[in-house]
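Q: Pasting run.txt here (compact mmCIF, C-alpha atoms and all ligand atoms):
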```txt
# COMPACT_ATOMS: atom_id res chain seq x y z
CA MET A 1 -1.48 -32.82 12.03
CA HIS A 2 -1.44 -32.28 15.75
CA ASP A 3 1.92 -33.41 17.16
CA SER A 4 3.90 -31.72 14.42
CA PHE A 5 1.74 -28.61 14.76
CA ARG A 6 2.42 -28.35 18.49
CA SER A 7 6.13 -29.04 18.18
CA ALA A 8 6.45 -26.01 15.88
CA PHE A 9 5.76 -23.68 18.84
CA PRO A 10 8.72 -23.05 21.19
CA ALA A 11 6.41 -21.61 23.86
CA LEU A 12 4.68 -24.99 24.14
CA GLN A 13 7.99 -26.60 25.09
CA ARG A 14 8.78 -24.32 28.00
CA LEU A 15 8.26 -25.47 31.55
CA HIS A 16 7.22 -23.58 34.66
CA LYS A 17 7.71 -25.21 38.05
CA GLY A 18 8.87 -28.28 36.12
CA GLU A 19 5.56 -28.66 34.24
CA PRO A 20 4.33 -27.53 30.80
CA LEU A 21 2.06 -24.52 30.47
CA ILE A 22 -1.52 -24.77 29.20
CA TYR A 23 -2.47 -21.82 27.00
CA LEU A 24 -6.19 -21.09 27.12
CA ASP A 25 -5.48 -17.38 26.62
CA GLY A 26 -5.61 -17.57 22.81
CA PRO A 27 -8.45 -15.01 22.46
CA GLY A 28 -6.02 -12.49 23.97
CA GLY A 29 -3.21 -13.56 21.63
CA THR A 30 -1.81 -16.89 20.45
CA GLN A 31 1.69 -18.33 20.61
CA VAL A 32 4.01 -18.10 17.60
CA PRO A 33 5.74 -20.90 15.66
CA GLU A 34 9.51 -21.01 15.25
CA ALA A 35 9.24 -20.35 11.48
CA VAL A 36 7.55 -17.02 12.22
CA ILE A 37 10.09 -16.02 14.86
CA LYS A 38 12.84 -16.88 12.35
CA ALA A 39 11.23 -14.87 9.54
CA CYS A 40 11.05 -11.80 11.81
CA SER A 41 14.67 -12.07 12.90
CA ASP A 42 15.96 -13.07 9.43
CA TYR A 43 14.48 -9.86 8.08
CA TYR A 44 16.75 -7.86 10.40
CA ARG A 45 19.71 -10.10 9.56
CA THR A 46 19.51 -9.86 5.79
CA SER A 47 16.92 -7.48 4.35
CA ASN A 48 16.42 -4.55 6.73
CA ALA A 49 15.70 -1.39 4.72
CA ASN A 50 13.06 1.11 3.79
CA THR A 51 10.90 0.47 0.74
CA HIS A 52 11.22 1.41 -2.95
CA GLY A 53 15.02 1.78 -3.15
CA GLN A 54 17.36 0.91 -6.02
CA PHE A 55 19.31 -1.61 -3.96
CA ILE A 56 18.98 -5.21 -2.89
CA THR A 57 17.71 -4.88 0.71
CA ALA A 58 15.04 -2.34 -0.28
CA GLN A 59 13.98 -4.61 -3.14
CA GLU A 60 13.79 -7.59 -0.80
CA THR A 61 11.69 -5.53 1.60
CA ASP A 62 9.29 -4.61 -1.24
CA HIS A 63 9.07 -8.27 -2.18
CA ILE A 64 8.34 -9.36 1.42
CA LEU A 65 5.59 -6.78 1.84
CA ASP A 66 4.05 -7.67 -1.53
CA ASP A 67 4.02 -11.35 -0.71
CA THR A 68 2.51 -10.76 2.75
CA ARG A 69 -0.24 -8.67 1.14
CA LEU A 70 -0.90 -11.47 -1.33
CA ALA A 71 -0.88 -14.12 1.43
CA CYS A 72 -3.38 -12.08 3.49
CA SER A 73 -5.67 -11.65 0.50
CA GLU A 74 -5.57 -15.43 0.02
CA PHE A 75 -6.23 -16.00 3.73
CA LEU A 76 -9.30 -13.75 3.59
CA GLY A 77 -10.53 -14.93 0.18
CA ALA A 78 -10.12 -11.43 -1.26
CA ALA A 79 -9.81 -10.43 -4.92
CA GLY A 80 -6.10 -9.63 -4.61
CA PRO A 81 -3.34 -7.85 -2.70
CA HIS A 82 -4.68 -4.41 -3.65
CA THR A 83 -7.55 -4.99 -1.18
CA ILE A 84 -5.27 -5.53 1.84
CA SER A 85 -3.81 -2.79 4.06
CA PHE A 86 -1.71 -3.07 7.18
CA GLY A 87 -1.57 -1.13 10.41
CA GLN A 88 -0.31 -1.24 13.97
CA ASN A 89 -3.38 -3.16 15.15
CA MET A 90 -7.10 -3.44 14.44
CA THR A 91 -8.02 -0.59 16.80
CA THR A 92 -5.73 1.92 15.12
CA ILE A 93 -6.96 1.03 11.63
CA ASN A 94 -10.59 1.31 12.74
CA PHE A 95 -9.99 4.79 14.19
CA SER A 96 -8.43 5.86 10.87
CA LEU A 97 -11.43 4.50 8.97
CA SER A 98 -13.99 6.13 11.26
CA ARG A 99 -12.32 9.56 11.04
CA ALA A 100 -12.15 9.32 7.26
CA MET A 101 -15.72 8.11 6.81
CA ALA A 102 -17.04 10.89 9.06
CA ARG A 103 -15.49 13.46 6.71
CA THR A 104 -17.84 12.21 4.00
CA TRP A 105 -20.94 12.08 6.23
CA GLN A 106 -23.41 14.75 7.34
CA PRO A 107 -24.69 15.47 10.87
CA GLY A 108 -27.72 13.23 11.39
CA ASP A 109 -26.21 10.34 9.41
CA GLU A 110 -26.24 7.16 11.44
CA VAL A 111 -23.88 4.35 12.39
CA LEU A 112 -25.13 1.15 13.97
CA ILE A 113 -22.88 -0.69 16.44
CA THR A 114 -23.65 -3.59 18.80
CA GLN A 115 -23.66 -4.18 22.53
CA LEU A 116 -21.69 -7.39 22.00
CA ASP A 117 -18.69 -5.86 20.28
CA HIS A 118 -15.19 -5.23 21.60
CA GLU A 119 -14.64 -1.52 22.28
CA ALA A 120 -12.32 -1.43 19.26
CA ASN A 121 -15.43 -1.65 17.08
CA ARG A 122 -17.49 0.73 19.22
CA GLY A 123 -15.18 3.49 20.46
CA PRO A 124 -14.09 4.74 17.00
CA TRP A 125 -17.76 5.07 15.98
CA LEU A 126 -18.99 6.48 19.30
CA ALA A 127 -16.34 9.21 18.98
CA LEU A 128 -18.21 10.50 15.90
CA ARG A 129 -21.09 11.68 18.09
CA GLU A 130 -19.04 14.84 18.64
CA GLN A 131 -19.49 15.56 14.92
CA GLY A 132 -23.24 15.05 14.99
CA ILE A 133 -23.21 11.46 13.72
CA VAL A 134 -25.99 9.46 15.41
CA VAL A 135 -24.64 6.20 16.82
CA ARG A 136 -27.19 3.56 17.75
CA GLU A 137 -26.53 0.12 19.23
CA VAL A 138 -28.06 -3.30 18.62
CA ARG A 139 -29.23 -5.03 21.80
CA LEU A 140 -27.50 -8.09 23.17
CA LEU A 141 -29.99 -10.66 24.48
CA PRO A 142 -29.36 -12.42 27.82
CA GLU A 143 -28.96 -15.74 26.01
CA GLY A 144 -25.81 -14.39 24.37
CA ARG A 145 -26.86 -13.43 20.85
CA LEU A 146 -27.73 -10.20 19.17
CA ASP A 147 -31.36 -9.15 18.81
CA TYR A 148 -31.77 -9.19 15.02
CA GLU A 149 -35.25 -7.67 15.15
CA ASP A 150 -33.70 -4.76 17.02
CA LEU A 151 -30.94 -4.61 14.41
CA GLN A 152 -33.46 -4.47 11.58
CA SER A 153 -35.57 -1.83 13.33
CA LYS A 154 -32.53 0.44 13.79
CA LEU A 155 -31.44 0.34 10.14
CA SER A 156 -32.87 3.05 7.92
CA ASP A 157 -31.94 5.06 4.86
CA ARG A 158 -29.97 7.33 7.24
CA THR A 159 -27.69 4.42 8.22
CA ARG A 160 -24.28 4.75 6.58
CA LEU A 161 -22.58 1.80 8.26
CA LEU A 162 -23.22 -1.27 10.37
CA ALA A 163 -20.07 -2.04 12.42
CA MET A 164 -20.44 -5.57 13.75
CA GLY A 165 -18.25 -8.33 15.13
CA TYR A 166 -18.06 -11.64 13.31
CA SER A 167 -17.51 -13.51 16.56
CA SER A 168 -17.45 -12.29 20.16
CA ASN A 169 -14.13 -12.32 22.03
CA PHE A 170 -16.15 -12.28 25.26
CA MET A 171 -18.14 -15.53 24.87
CA GLY A 172 -17.60 -16.80 21.34
CA THR A 173 -21.01 -15.90 19.82
CA ILE A 174 -20.91 -16.04 16.02
CA ASN A 175 -23.11 -13.34 14.56
CA ASP A 176 -25.43 -13.75 11.59
CA VAL A 177 -23.30 -11.98 9.04
CA ALA A 178 -25.41 -13.11 6.06
CA LEU A 179 -28.50 -11.53 7.59
CA ALA A 180 -26.55 -8.36 8.42
CA ARG A 181 -25.42 -8.14 4.79
CA LYS A 182 -28.94 -8.66 3.46
CA LEU A 183 -30.40 -6.00 5.76
CA THR A 184 -27.63 -3.45 5.15
CA HIS A 185 -28.00 -3.89 1.40
CA GLN A 186 -31.71 -3.08 1.71
CA VAL A 187 -30.89 0.36 3.13
CA GLY A 188 -27.67 0.95 1.18
CA ALA A 189 -25.41 0.90 4.26
CA TRP A 190 -21.82 -0.35 4.40
CA LEU A 191 -21.05 -3.48 6.42
CA LEU A 192 -17.80 -3.46 8.42
CA LEU A 193 -16.88 -6.68 10.20
CA ASP A 194 -14.51 -7.11 13.11
CA ALA A 195 -13.15 -10.61 12.43
CA VAL A 196 -10.39 -10.45 15.04
CA HIS A 197 -11.92 -13.29 17.04
CA TYR A 198 -13.25 -15.22 14.04
CA ALA A 199 -10.15 -15.35 11.83
CA PRO A 200 -8.10 -17.75 14.06
CA HIS A 201 -10.82 -20.40 13.99
CA TYR A 202 -12.51 -20.54 10.57
CA PRO A 203 -11.79 -20.14 6.86
CA LEU A 204 -12.79 -16.66 5.71
CA ASN A 205 -14.17 -15.58 2.37
CA VAL A 206 -14.76 -11.84 2.15
CA GLN A 207 -16.07 -12.11 -1.39
CA ALA A 208 -18.72 -14.66 -0.38
CA ILE A 209 -19.71 -12.60 2.68
CA ASP A 210 -19.73 -9.57 0.40
CA CYS A 211 -18.70 -7.23 3.25
CA ASP A 212 -17.31 -3.77 2.55
CA PHE A 213 -14.59 -3.81 5.21
CA LEU A 214 -13.19 -6.58 7.38
CA LEU A 215 -10.50 -6.27 10.03
CA CYS A 216 -8.41 -8.84 11.82
CA SER A 217 -5.21 -9.05 13.84
CA ALA A 218 -2.36 -11.45 13.07
CA TYR A 219 -1.34 -11.91 16.71
CA LYS A 220 -4.61 -13.78 17.26
CA PHE A 221 -3.78 -16.31 14.52
CA TYR A 222 -0.24 -17.34 15.47
CA GLY A 223 1.48 -14.30 13.97
CA PRO A 224 3.09 -11.03 15.07
CA HIS A 225 1.31 -7.88 16.27
CA ILE A 226 -0.09 -6.48 13.01
CA GLY A 227 -3.58 -5.27 12.12
CA VAL A 228 -4.98 -6.29 8.73
CA LEU A 229 -7.72 -4.50 6.78
CA TYR A 230 -9.67 -5.81 3.81
CA ALA A 231 -11.52 -3.08 1.89
CA ARG A 232 -13.76 -3.81 -1.07
CA PRO A 233 -12.02 -2.64 -4.26
CA GLY A 234 -12.74 1.03 -4.88
CA LEU A 235 -13.85 1.97 -1.35
CA LEU A 236 -10.60 2.99 0.31
CA ASP A 237 -9.71 5.22 -2.65
CA ARG A 238 -12.85 7.24 -1.95
CA LEU A 239 -12.05 7.92 1.71
CA PRO A 240 -10.27 11.13 2.76
CA LEU A 241 -7.84 9.40 5.11
CA ASP A 242 -5.24 11.07 7.34
CA ARG A 243 -2.33 11.17 4.92
CA LEU A 244 0.91 12.99 4.26
CA ARG A 245 1.03 14.65 0.85
CA THR A 246 4.09 12.54 0.11
CA ALA A 247 2.21 9.29 0.75
CA PRO A 248 0.37 7.30 -1.93
CA GLN A 249 -3.25 8.34 -2.42
CA GLU A 250 -4.50 5.02 -3.71
CA ALA A 251 -5.58 1.81 -1.99
CA PRO A 252 -4.27 -0.19 -0.29
CA TYR A 253 -1.48 2.21 0.74
CA SER A 254 -3.50 5.35 1.53
CA ILE A 255 -4.39 4.21 5.07
CA GLU A 256 -0.82 3.10 5.90
CA THR A 257 0.68 6.09 7.67
CA GLY A 258 4.48 6.16 7.91
CA THR A 259 6.80 3.17 7.74
CA LEU A 260 5.24 -0.21 8.45
CA ASN A 261 6.65 -2.83 10.82
CA HIS A 262 8.56 -4.73 8.11
CA SER A 263 9.95 -7.43 10.36
CA ALA A 264 6.51 -8.24 11.77
CA LEU A 265 5.07 -8.27 8.27
CA ALA A 266 7.72 -10.79 7.21
CA GLY A 267 6.39 -12.80 10.16
CA VAL A 268 2.77 -12.47 9.01
CA GLY A 269 3.70 -13.93 5.61
CA ALA A 270 5.53 -16.77 7.35
CA THR A 271 2.49 -17.36 9.59
CA LEU A 272 0.23 -17.88 6.60
CA ASP A 273 2.79 -20.14 4.88
CA PHE A 274 3.01 -22.09 8.13
CA LEU A 275 -0.78 -22.47 8.35
CA ALA A 276 -1.01 -23.36 4.64
CA SER A 277 1.51 -26.16 5.17
CA TYR A 278 -1.11 -27.94 7.33
CA GLY A 279 -3.68 -27.94 4.52
CA GLU A 280 -4.04 -29.56 1.14
CA GLY A 281 -4.65 -28.03 -2.26
CA GLN A 282 -3.18 -26.80 -5.51
CA ASN A 283 -2.36 -23.32 -4.26
CA ARG A 284 -1.93 -21.35 -1.03
CA ARG A 285 -5.59 -20.24 -0.91
CA GLU A 286 -6.83 -23.83 -1.12
CA GLN A 287 -4.25 -24.94 1.43
CA LEU A 288 -5.23 -22.16 3.83
CA VAL A 289 -8.93 -23.03 3.56
CA SER A 290 -8.16 -26.72 4.09
CA ALA A 291 -5.91 -25.94 7.10
CA MET A 292 -8.53 -23.68 8.68
CA ASP A 293 -11.16 -26.40 8.14
CA ARG A 294 -8.91 -28.82 10.02
CA ILE A 295 -8.33 -26.32 12.80
CA GLN A 296 -12.07 -25.74 13.05
CA GLN A 297 -12.78 -29.47 13.34
CA HIS A 298 -10.05 -30.04 15.90
CA GLU A 299 -11.15 -27.09 18.02
CA ALA A 300 -14.87 -27.96 17.79
CA GLY A 301 -14.23 -31.45 19.21
CA LEU A 302 -12.26 -30.06 22.13
CA PHE A 303 -14.78 -27.30 22.70
CA ALA A 304 -17.63 -29.80 23.01
CA HIS A 305 -15.56 -31.75 25.54
CA LEU A 306 -14.83 -28.61 27.56
CA TYR A 307 -18.39 -27.32 27.32
CA HIS A 308 -20.06 -30.53 28.45
CA GLY A 309 -17.43 -31.11 31.13
CA LEU A 310 -18.08 -27.67 32.61
CA GLU A 311 -21.86 -28.15 32.42
CA ALA A 312 -21.48 -31.20 34.68
CA ILE A 313 -19.57 -29.28 37.38
CA PRO A 314 -21.85 -28.00 40.16
CA GLY A 315 -21.80 -24.22 40.53
CA CYS A 316 -20.41 -23.58 37.02
CA THR A 317 -22.43 -21.42 34.64
CA ILE A 318 -21.47 -20.84 31.02
CA VAL A 319 -22.52 -17.37 29.93
CA GLY A 320 -24.83 -17.35 26.91
CA THR A 321 -26.43 -20.75 27.27
CA GLY A 322 -28.99 -19.81 24.59
CA LEU A 323 -26.36 -20.48 21.91
CA ASP A 324 -25.86 -23.89 20.40
CA GLU A 325 -22.39 -25.07 19.47
CA ALA A 326 -22.61 -23.97 15.84
CA GLN A 327 -23.27 -20.43 17.02
CA ARG A 328 -20.03 -20.04 18.92
CA ALA A 329 -16.32 -20.02 18.30
CA PRO A 330 -14.35 -22.30 20.67
CA THR A 331 -14.29 -19.65 23.38
CA LEU A 332 -16.47 -19.49 26.45
CA ALA A 333 -17.16 -17.23 29.39
CA LEU A 334 -17.60 -18.91 32.72
CA ARG A 335 -18.91 -17.98 36.16
CA ILE A 336 -18.38 -20.12 39.22
CA ALA A 337 -20.77 -19.48 42.13
CA ASN A 338 -19.28 -17.28 44.86
CA GLN A 339 -15.89 -17.04 43.16
CA HIS A 340 -14.36 -13.91 41.68
CA PRO A 341 -12.94 -14.40 38.15
CA THR A 342 -9.61 -12.88 39.19
CA GLU A 343 -9.28 -15.41 41.98
CA ILE A 344 -10.28 -18.27 39.66
CA CYS A 345 -7.64 -17.19 37.14
CA ARG A 346 -5.05 -16.83 39.90
CA ILE A 347 -5.68 -20.44 40.97
CA LEU A 348 -5.62 -21.59 37.33
CA GLY A 349 -2.37 -19.66 36.89
CA GLU A 350 -0.88 -21.44 39.92
CA ALA A 351 -1.76 -24.69 38.15
CA ASN A 352 0.10 -23.49 34.99
CA ILE A 353 -3.18 -22.80 33.16
CA MET A 354 -3.29 -19.42 31.44
CA ALA A 355 -6.76 -17.90 31.25
CA TRP A 356 -8.04 -14.34 31.32
CA ASP A 357 -10.46 -12.76 33.76
CA GLY A 358 -12.53 -9.59 33.29
CA HIS A 359 -14.34 -8.10 30.28
CA PHE A 360 -11.51 -8.14 27.68
CA TYR A 361 -12.67 -4.74 26.35
CA ALA A 362 -16.11 -6.19 25.52
CA LEU A 363 -17.16 -3.84 28.27
CA ARG A 364 -20.67 -3.14 27.00
CA ALA A 365 -21.49 -6.87 26.86
CA ALA A 366 -20.30 -7.28 30.45
CA GLU A 367 -22.42 -4.27 31.46
CA VAL A 368 -25.66 -5.36 29.81
CA LEU A 369 -25.32 -8.92 31.09
CA GLY A 370 -24.88 -7.54 34.62
CA LEU A 371 -21.38 -9.00 34.88
CA ARG A 372 -19.26 -5.86 35.06
CA ALA A 373 -19.83 -5.20 38.76
CA VAL A 374 -18.95 -8.79 39.67
CA GLY A 375 -15.56 -8.84 37.94
CA GLY A 376 -16.68 -10.07 34.53
CA VAL A 377 -16.00 -13.69 33.65
CA THR A 378 -13.28 -16.31 33.34
CA ARG A 379 -12.60 -16.82 29.64
CA LEU A 380 -11.38 -20.16 28.31
CA GLY A 381 -10.24 -20.15 24.69
CA ILE A 382 -9.25 -23.19 22.65
CA SER A 383 -6.55 -22.83 20.01
CA ALA A 384 -5.27 -25.14 17.30
CA TYR A 385 -2.49 -26.33 19.63
CA THR A 386 -4.83 -27.24 22.52
CA THR A 387 -5.03 -30.94 23.43
CA GLN A 388 -7.64 -33.21 25.02
CA GLU A 389 -5.27 -33.88 27.95
CA GLU A 390 -5.03 -30.15 28.58
CA ILE A 391 -8.82 -29.83 28.63
CA ASP A 392 -9.04 -32.77 31.07
CA ARG A 393 -6.53 -31.02 33.35
CA VAL A 394 -8.50 -27.76 33.13
CA LEU A 395 -11.77 -29.54 33.96
CA ASP A 396 -10.12 -31.21 36.93
CA VAL A 397 -8.78 -27.92 38.32
CA ILE A 398 -12.08 -26.10 37.75
CA HIS A 399 -13.95 -28.95 39.42
CA ARG A 400 -11.71 -28.52 42.45
CA ILE A 401 -12.18 -24.73 42.47
CA ALA A 402 -15.96 -25.09 42.23
CA THR A 403 -16.19 -27.74 44.93
CA GLY A 404 -13.65 -26.14 47.28
CA HIS A 405 -11.04 -28.90 47.02
CA LYS A 406 -7.33 -28.33 47.25
CA ILE A 407 -5.50 -28.03 43.93
CA GLU A 408 -2.49 -30.29 43.49
CA ALA A 409 0.44 -28.42 41.98
C1 LIG A 501 -12.96 -9.10 18.87
C2 LIG A 501 -11.81 -8.14 18.97
N1 LIG A 501 -11.84 -7.01 18.26
C3 LIG A 501 -10.85 -6.12 18.30
C4 LIG A 501 -9.75 -6.32 19.10
C5 LIG A 501 -8.67 -5.30 19.11
O1 LIG A 501 -7.62 -5.76 18.30
P1 LIG A 501 -6.21 -5.05 18.32
O2 LIG A 501 -5.53 -5.48 19.59
O3 LIG A 501 -5.52 -5.56 17.10
O4 LIG A 501 -6.44 -3.58 18.28
C6 LIG A 501 -9.67 -7.48 19.88
C7 LIG A 501 -8.54 -7.71 20.77
O5 LIG A 501 -8.63 -8.42 21.74
C8 LIG A 501 -10.72 -8.41 19.80
O6 LIG A 501 -10.69 -9.55 20.50
```
Will you turn the file into structure tokens for me?

A:
Amino acid sequence: MHDSFRSAFPALQRLHKGEPLIYLDGPGGTQVPEAVIKACSDYYRTSNANTHGQFITAQETDHILDDTRLACSEFLGAAGPHTISFGQNMTTINFSLSRAMARTWQPGDEVLITQLDHEANRGPWLALREQGIVVREVRLLPEGRLDYEDLQSKLSDRTRLLAMGYSSNFMGTINDVALARKLTHQVGAWLLLDAVHYAPHYPLNVQAIDCDFLLCSAYKFYGPHIGVLYARPGLLDRLPLDRLRTAPQEAPYSIETGTLNHSALAGVGATLDFLASYGEGQNRREQLVSAMDRIQQHEAGLFAHLYHGLEAIPGCTIVGTGLDEAQRAPTLALRIANQHPTEICRILGEANIMAWDGHFYALRAAEVLGLRAVGGVTRLGISAYTTQEEIDRVLDVIHRIATGHKIEA
């Protein structure tokens, strides 16, 4: 799978200072295969129109959007395209949902969020405090996982919703979604999952998880900048969403304000076809699951290599050492003694290694772990196109940073 997978990405062929680039910035957004770039530009070449017209380009646009909805429902293991809505990004969709849900809630109703989550799954709920909604947060333990006893103690029959990440974009932690579902069912609360960081690394099955809402973002799984929402059949129809009177009232369209980004959506469909082509099976769902299984296995091997390599470097600390490998996506947060993350990333950048420094909007996690005031962390994220040689190069450069040796360009 791997050589042909990598060669599909034009960005992996480009050179800087005569050398290839190493992309460990996947948690901030992945690179895009040629087939996806082509689908986006082909849309403008041949099919550019608004929807629901009596002419060929409008009909082609309808067809593209329908197929992308179907492909996303297959990617997420949903019951069908009527459960999938699109938006500008995950954050925008979540704000729309929170505003609409609050219209159906009473002052004193509660929402539970977590200290580990990205602000995109905190801010929209925290904003509801102005309307008298009580927002409580689940503690993040120093070892890097959520405190599930705290979670249980903060759920009650006043809880309307638990808004939780599936996996942390800060340090990879995979949360116990099955337990969250069991506990929310006991009190009759909805479960909304932010799967933005999970979706690029694992097969998803919203029906097996039995969540009420799940959000992800295609630009984190090799696609264009589009937010994707799964809503359990029947739920979106009940929400009083911001909506023009001319817009459809029913799911999945009721949350889609204005004209969608058709070209990017053509690209999302092409992304899922591209991923499916790396899997086996009788249909696109089976192929997507098989491809994501392969990606997971490939990334897990590289992650173990990176993790153990970093552990052996003096002065390096991986944040959240209480997690074993099965409890984290292939993303880690690193501190190097006496070095500021921005400076580490600058040196990595000089060596053609792309990695992010800071808190990546998981601001609360950085705060409670005492890392905000010291510049956050250096985040290293493995993607499906990452290679063993790249990890070896990264380990070599980090070893030199940690031990004060000169970096060879
Ligand atoms: C875990 C997580 N949730 C939410 C978001 C926000 O997604 P979007 O950029 O689509 O609004 C991000 C983006 O980095 C993320 O990593």

Q: Report, as JSON, the axis-aligned box around all atoms of ligand LIG 501 (chain A) present in the file, extended by 5 Å on each side; give centre and edge lengths in Å to one decimal place.

A:
```
{"center_x": -9.2, "center_y": -6.6, "center_z": 19.4, "size_x": 17.4, "size_y": 16.0, "size_z": 14.6}
```

Q: Around ligand LIG 501 (chain A), which protein and nucleic acid residues have at least one atom no more than 8 Å from it, if we count only C-alpha atoms and all ligand atoms? List them as an MDAnalysis selection string.

A: chainID A and resid 27:29 88:92 117:121 165:170 194:198 216:219 225:227 360:362

Q: Name the residues in contact with segment 305-310 of chain A at a cut-off of 10 Å, using only C-alpha atoms, excluding same-chain residues fewer than 5 positions from it; report them as an MDAnalysis selection string.

A: chainID A and resid 299:300 315:318 325 330:332 334 380 382 388 390:392 394:396 398:399

Q: Determine the nearest neighbour of Gly132 of chain A from the options A:Asp150, A:Asp293, A:Glu19, A:Asp109, counting only C-alpha atoms.

A: A:Asp109

Q: I'd like to know which of A:Gln339, A:Gln106, A:Thr159, A:Thr257 is closest to Ile93 of chain A, using all atoms listed in the file.

A: A:Thr257

Q: Provide the atom CA of Glu389 of chain A to atom CA of Ala351 of chain A distance in Å, to one decimal place.

A: 14.2 Å

Q: Quick one: of A:Ser4, A:Asn48, A:Thr173, A:Thr83, who's nearest to Leu235 of chain A, counting only C-alpha atoms?

A: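 Looking at the shortest contact to Leu235 of chain A, the residue is A:Thr83.
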
Q: Just give me the gap between atom CA of Ile113 of chain A and atom CA of Gly144 of chain A in Å, one decimal is fine.

A: 16.1 Å

Q: Counting only C-alpha atoms, which residue out of A:Cys211, A:Ala100, A:Ile295, A:Ala163 sits closest to Lys182 of chain A?

A: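 Checking each candidate against Lys182 of chain A, we get A:Cys211 as the closest.
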
Q: The residues within 10 Å of (-5.7, -15.9, 33.1), using all atoms listed in the file and the coordinates of the file, should be reported as a list of chain:residue names; which are they?

A: A:Tyr23, A:Leu24, A:Asp25, A:Gly28, A:Pro341, A:Thr342, A:Glu343, A:Ile344, A:Cys345, A:Arg346, A:Ile347, A:Leu348, A:Gly349, A:Asn352, A:Ile353, A:Met354, A:Ala355, A:Trp356, A:Asp357, A:Gly358, A:Thr378, A:Arg379, A:Leu380

Q: With distances taken over all atoms listed in the file, which residue among A:Thr51, A:Ser85, A:Thr104, A:Thr387 lies nearest Pro240 of chain A?

A: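 Residue with the minimum atom-to-atom distance to Pro240 of chain A: A:Thr104.
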
Q: Residues within 7 Å of Gly375 of chain A, please, as an MDAnalysis selection string. Count all atoms listed in the file; anything in the same chain fewer than 2 positions from it doesn't count.

A: chainID A and resid 340:341 358 371:373 377

Q: Could you check which of A:Gly376, A:Gly381, A:Gly279, A:Gly172 is closest to Ala329 of chain A, using only C-alpha atoms?

A: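 Among A:Gly376, A:Gly381, A:Gly279, A:Gly172, it is A:Gly172 that comes nearest to Ala329 of chain A.
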